[in-house]
Amino acid sequence: MVRAVRRPLRSPSRSRWPLAAGLVAGVIMDALLGDPRRGHPVAAFGRAATALEARDYADSRPRGAAHAAACILSVAVPAALLHRRTRARPPAETAAVAATVWAVTGARSLHHEAERALAALSDHDLRSARAVLPSLCGRDPSALDAGEITRAVVESVAENTSDAVVAPLLWGAVAGLPGLVAYRAVNTLDAMVGHRSARYLRFGWASARLDDVANWVPARVTAALTAACAPLVRDSKPAAVLRVVRRDGGAHPSPNAGRCEAAFAGALGIRLGGTNVYGGVAETRPELGEGRSPEPGDIRRSVVLSRAVTGLATALAVLIALRPWRAPVTGGAGSSAPIRPAPR
């Protein structure tokens with residue numbers, strides 16, 4: 001019998017705290033500052049992706065996959081290099097992670113836009129409420145009444161709590177700077193070309209599938225965290241919210257958005273889903289949850305719920321970032337000596 005000699009358990013306080021501290025600092029920066037009004041890195045990435053699309057577009061899946069790969073690698077490779085350069089300098093690593101988290105998350109902007117819509121609806125100003133909606137989702141707001149605008153806002157808060165908060169934090173906790181920027185690139189490409197339109201059905205296929213994969217775990221974590229926070233907004237039990245997620249989440253055409261929306265529906269005690277219009281094409285979504293239709297006051301409660309989920313997701317990301325690990329080695333640390341038989 002032989003036994004691998006293992007390194008001593010590495011102290012997370014020495015090896016992982018810069019990443020954890022950067023995640024927390026980035027969330028705080030986003031909460032205090034929001035998105036920069038000019039020179040937003042994600043907007044710059046979008047412009048570069050659009051310029052590349054003008055040169056490499058073709059109505060084919062392989063060309064779309066090449067486009068996605070080029071865009072993602074263009075930001076992931078520099079992030080990986082920066083990760084390597086700052087790894088031995090904790091203050092620099094913390095600063096780099098914090099700045100990146102600030103750039104790729106969007107909790108404050110999400111909540112601000114939802115509250116703008118709520119203010120317009122409270123003033124019975126449908127025109128202003130419709131004008132806010134494009135900043136939250138891609139559906140056509142021109143013919144929506146107050147109830148449909150409310151539903152759109154709540155659904156957008158639910159989905160984007162995962163896309164703009166939980167998912168980047170989890171990817172950052174697992175993969176550091178490269179995980180943060182690669183995830184945001186994937187999610188941005190999906191928003192740009194991952195549509196089922198005539199132009200992007202094939203070209204955007206790879207971007208859409210990558211986004212599905214990247215958000216599979218975060219969406220389900222978001223649903224679980226939403227269930228845990230449900231008692232903060234309504235007298236409901238987390239187990240009841242999870243039952244709604246299991247029953248209704250899979251009926252949604254998206255493998256991920258349905259879980260988040262079903263969780264918010266269960267937590268708020270409302271019914272989501274219905275007919276949405278995207279680019280003149282109507283899509284009927286299944287009902288999620290039970291009870292009444294959403295009302296403007298549910299927007300405020302959805303924001304409270306989203307903020308609570310943001311806090312729990314940050315704590316979870318810190319725990320993941322600080323995870324201890326062991327690495328088997330041969331002989332002593334850094335040695336290439338063969339594995340020695342364990343004494344009998």
# chains A, B, ... in the order shown; residues from 1 in each chain; ligands from 1

$ residues_around --residues "Ala219 in chain A" --least-positions-apart "2" --cutoff "7 Å" --atoms "only C-alpha atoms" --output "MDAnalysis selection string"
chainID A and resid 162 215:217 221:223 256:257 259:260

$ write_last_selection --atoms "C-alpha atoms" --output "mmCIF file, in the first residue's frame"
data_model
loop_
_atom_site.group_PDB
_atom_site.id
_atom_site.type_symbol
_atom_site.label_atom_id
_atom_site.label_comp_id
_atom_site.auth_asym_id
_atom_site.auth_seq_id
_atom_site.Cartn_x
_atom_site.Cartn_y
_atom_site.Cartn_z
ATOM 1 C CA SER A 162 -28.967 36.212 -11.254
ATOM 2 C CA ASN A 215 -25.856 30.525 -15.845
ATOM 3 C CA TRP A 216 -27.070 26.994 -15.096
ATOM 4 C CA VAL A 217 -25.669 26.813 -11.570
ATOM 5 C CA VAL A 221 -28.366 29.230 -6.560
ATOM 6 C CA THR A 222 -30.374 32.420 -7.084
ATOM 7 C CA ALA A 223 -33.609 30.468 -6.692
ATOM 8 C CA ASN A 256 -32.339 29.399 -16.259
ATOM 9 C CA ALA A 257 -34.617 32.455 -16.221
ATOM 10 C CA ARG A 259 -36.052 29.231 -12.053
ATOM 11 C CA CYS A 260 -35.366 32.811 -10.981
#

$ residues_around --residues "Ser156 in chain A" --least-positions-apart "5" --cutoff "10 Å" --atoms "only C-alpha atoms" --output "number ranges by chain"
A: 110, 114, 133, 135-138, 150-151, 161, 257, 260-261, 302

$ atom_distance --atom1 "CA of Pro91 in chain A" --atom2 "CA of Pro18 in chain A"
7.0 Å

$ closest_atom_pairs --of "range 16-42 of chain A" --to "range 179-189 of chain A" --cutoff "12 Å" --atoms "only C-alpha atoms" --output "CSV"
residue,atom,partner,partner_atom,distance
A:Leu19,CA,A:Leu180,CA,11.4
A:Gly22,CA,A:Leu180,CA,11.7
A:Leu23,CA,A:Leu180,CA,10.1
A:Gly26,CA,A:Leu180,CA,11.5
A:Pro41,CA,A:Val181,CA,10.1
A:Val42,CA,A:Arg184,CA,7.8

$ write_last_selection --atoms "C-alpha atoms" --output "PDB file, in the first residue's frame"
ATOM      1  CA  LEU A  19      -9.956  37.609  -3.802  1.00  0.00           C
ATOM      2  CA  GLY A  22     -11.992  42.266  -3.611  1.00  0.00           C
ATOM      3  CA  LEU A  23     -15.401  40.647  -4.124  1.00  0.00           C
ATOM      4  CA  GLY A  26     -16.560  45.530  -5.536  1.00  0.00           C
ATOM      5  CA  PRO A  41     -15.971  48.737 -19.807  1.00  0.00           C
ATOM      6  CA  VAL A  42     -18.958  46.532 -20.673  1.00  0.00           C
TER       7      VAL A  42
END

$ select_by_dssp --residues "range 78-312 of chain A" --states "alpha helix (DSSP H)" --output "MDAnalysis selection string"
chainID A and resid 78:86 90:104 107:122 126:132 146:161 167:193 200:203 205:229 238:248 257:268 296:312

$ residues_around --residues "Gly249 in chain A" --least-positions-apart "4" --cutoff "10 Å" --atoms "only C-alpha atoms" --output "number ranges by chain"
A: 220, 223, 242-245, 253-263, 286-289

$ atom_distance --atom1 "CA of Leu121 in chain A" --atom2 "CA of Ala31 in chain A"
24.4 Å

$ closest_residue --among "A:Val157, A:Glu295, A:Asp235, A:Ala251" --to "Val309 in chain A" --atoms "only C-alpha atoms"
A:Val157

$ residues_around --residues "Arg116 in chain A" --least-positions-apart "5" --cutoff "9 Å" --atoms "only C-alpha atoms" --output "VMD selection string"
chain A and resid 111 121 128 to 129 132

$ residues_around --residues "Gly176 in chain A" --least-positions-apart "6" --cutoff "12 Å" --atoms "only C-alpha atoms" --output "PyMOL selection string"
chain A and resi 16-23+76+79-84+86-87+93-94+96-98+100-101+168-170+182-183+317-318+320-322

$ write_last_selection --atoms "C-alpha atoms" --output "PDB file, in the first residue's frame"
ATOM      1  CA  ARG A  16      -7.390  33.566  -0.761  1.00  0.00           C
ATOM      2  CA  TRP A  17      -8.258  36.638   1.251  1.00  0.00           C
ATOM      3  CA  PRO A  18      -7.339  39.169  -1.504  1.00  0.00           C
ATOM      4  CA  LEU A  19      -9.956  37.609  -3.802  1.00  0.00           C
ATOM      5  CA  ALA A  20     -12.585  37.533  -1.054  1.00  0.00           C
ATOM      6  CA  ALA A  21     -11.828  41.108  -0.006  1.00  0.00           C
ATOM      7  CA  GLY A  22     -11.992  42.266  -3.611  1.00  0.00           C
ATOM      8  CA  LEU A  23     -15.401  40.647  -4.124  1.00  0.00           C
ATOM      9  CA  ALA A  76     -10.300  36.666 -20.747  1.00  0.00           C
ATOM     10  CA  ALA A  79      -7.610  39.185 -17.315  1.00  0.00           C
ATOM     11  CA  ALA A  80      -5.679  35.938 -16.849  1.00  0.00           C
ATOM     12  CA  LEU A  81      -2.385  37.781 -17.342  1.00  0.00           C
ATOM     13  CA  LEU A  82      -3.407  40.433 -14.819  1.00  0.00           C
ATOM     14  CA  HIS A  83      -4.430  37.676 -12.420  1.00  0.00           C
ATOM     15  CA  ARG A  84      -0.961  36.136 -12.673  1.00  0.00           C
ATOM     16  CA  THR A  86      -1.171  40.431  -9.112  1.00  0.00           C
ATOM     17  CA  ARG A  87      -1.329  37.001  -7.477  1.00  0.00           C
ATOM     18  CA  GLU A  93      -5.058  41.683  -6.426  1.00  0.00           C
ATOM     19  CA  THR A  94      -7.722  43.062  -4.117  1.00  0.00           C
ATOM     20  CA  ALA A  96      -8.049  44.573  -9.412  1.00  0.00           C
ATOM     21  CA  VAL A  97     -10.828  42.252  -8.275  1.00  0.00           C
ATOM     22  CA  ALA A  98     -12.784  45.110  -6.677  1.00  0.00           C
ATOM     23  CA  THR A 100     -13.632  44.326 -11.998  1.00  0.00           C
ATOM     24  CA  VAL A 101     -16.566  43.365  -9.776  1.00  0.00           C
ATOM     25  CA  PRO A 168     -20.615  37.138 -11.756  1.00  0.00           C
ATOM     26  CA  LEU A 169     -19.930  36.833  -8.025  1.00  0.00           C
ATOM     27  CA  LEU A 170     -19.931  33.028  -8.183  1.00  0.00           C
ATOM     28  CA  ALA A 182     -15.361  35.889 -19.204  1.00  0.00           C
ATOM     29  CA  TYR A 183     -18.790  35.525 -17.636  1.00  0.00           C
ATOM     30  CA  ALA A 317     -18.986  34.054  -2.812  1.00  0.00           C
ATOM     31  CA  VAL A 318     -16.661  34.966   0.064  1.00  0.00           C
ATOM     32  CA  ILE A 320     -16.220  29.913  -1.813  1.00  0.00           C
ATOM     33  CA  ALA A 321     -13.251  32.231  -2.325  1.00  0.00           C
ATOM     34  CA  LEU A 322     -11.849  31.326   1.095  1.00  0.00           C
TER      35      LEU A 322
END

$ closest_residue --among "A:Gly269, A:Pro218, A:Gly274, A:Gly204" --to "Ala230 in chain A" --atoms "only C-alpha atoms"
A:Gly269

$ atom_distance --atom1 "CA of Arg127 in chain A" --atom2 "CA of Ser142 in chain A"
8.7 Å

$ closest_atom_pairs --of "range 201-280 of chain A" --to "range 50-62 of chain A" --cutoff "12 Å" --atoms "only C-alpha atoms" --output "JSON lines"
{"residue": "A:Leu201", "atom": "CA", "partner": "A:Asp59", "partner_atom": "CA", "distance": 8.2}
{"residue": "A:Arg202", "atom": "CA", "partner": "A:Arg61", "partner_atom": "CA", "distance": 4.9}
{"residue": "A:Phe203", "atom": "CA", "partner": "A:Arg61", "partner_atom": "CA", "distance": 5.1}
{"residue": "A:Gly204", "atom": "CA", "partner": "A:Arg61", "partner_atom": "CA", "distance": 7.4}
{"residue": "A:Trp205", "atom": "CA", "partner": "A:Arg61", "partner_atom": "CA", "distance": 6.3}
{"residue": "A:Ala206", "atom": "CA", "partner": "A:Arg61", "partner_atom": "CA", "distance": 6.8}
{"residue": "A:Ser207", "atom": "CA", "partner": "A:Arg61", "partner_atom": "CA", "distance": 9.8}
{"residue": "A:Ala208", "atom": "CA", "partner": "A:Arg61", "partner_atom": "CA", "distance": 11.2}
{"residue": "A:Arg209", "atom": "CA", "partner": "A:Arg61", "partner_atom": "CA", "distance": 11.3}

$ write_last_selection --atoms "N, CA and C atoms" --output "PDB file, in the first residue's frame"
ATOM      1  N   LEU A 201     -30.410  33.560 -35.506  1.00  0.00           N
ATOM      2  CA  LEU A 201     -30.802  32.208 -35.128  1.00  0.00           C
ATOM      3  C   LEU A 201     -29.623  31.245 -35.187  1.00  0.00           C
ATOM      4  N   ARG A 202     -28.799  31.367 -36.213  1.00  0.00           N
ATOM      5  CA  ARG A 202     -27.618  30.511 -36.332  1.00  0.00           C
ATOM      6  C   ARG A 202     -26.349  31.218 -35.837  1.00  0.00           C
ATOM      7  N   PHE A 203     -26.167  32.456 -36.207  1.00  0.00           N
ATOM      8  CA  PHE A 203     -24.947  33.173 -35.805  1.00  0.00           C
ATOM      9  C   PHE A 203     -24.867  33.317 -34.285  1.00  0.00           C
ATOM     10  N   GLY A 204     -26.001  33.516 -33.624  1.00  0.00           N
ATOM     11  CA  GLY A 204     -26.000  33.706 -32.178  1.00  0.00           C
ATOM     12  C   GLY A 204     -26.182  32.444 -31.379  1.00  0.00           C
ATOM     13  N   TRP A 205     -26.254  31.286 -32.054  1.00  0.00           N
ATOM     14  CA  TRP A 205     -26.528  30.033 -31.359  1.00  0.00           C
ATOM     15  C   TRP A 205     -25.457  29.723 -30.314  1.00  0.00           C
ATOM     16  N   ALA A 206     -24.196  29.855 -30.662  1.00  0.00           N
ATOM     17  CA  ALA A 206     -23.115  29.516 -29.728  1.00  0.00           C
ATOM     18  C   ALA A 206     -23.136  30.449 -28.516  1.00  0.00           C
ATOM     19  N   SER A 207     -23.370  31.736 -28.740  1.00  0.00           N
ATOM     20  CA  SER A 207     -23.422  32.683 -27.624  1.00  0.00           C
ATOM     21  C   SER A 207     -24.564  32.348 -26.679  1.00  0.00           C
ATOM     22  N   ALA A 208     -25.719  31.997 -27.247  1.00  0.00           N
ATOM     23  CA  ALA A 208     -26.867  31.651 -26.404  1.00  0.00           C
ATOM     24  C   ALA A 208     -26.615  30.388 -25.600  1.00  0.00           C
ATOM     25  N   ARG A 209     -26.004  29.383 -26.225  1.00  0.00           N
ATOM     26  CA  ARG A 209     -25.751  28.132 -25.501  1.00  0.00           C
ATOM     27  C   ARG A 209     -24.682  28.329 -24.430  1.00  0.00           C
TER      28      ARG A 209
END

$ select_by_dssp --residues "range 259-331 of chain A" --states "strand (DSSP E)" --output "list in words"
Thr275, Asn276, Val277, Tyr278, Val281, Ala282, Glu283, Thr284, Pro328 and Val329 of chain A

$ closest_residue --among "A:Leu272, A:Ala308, A:Ala173, A:Val165" --to "Thr226 in chain A" --atoms "only C-alpha atoms"
A:Ala308

$ closest_residue --among "A:Gly64, A:Pro90, A:Gly297, A:Gly106" --to "Thr310 in chain A" --atoms "only C-alpha atoms"
A:Gly106
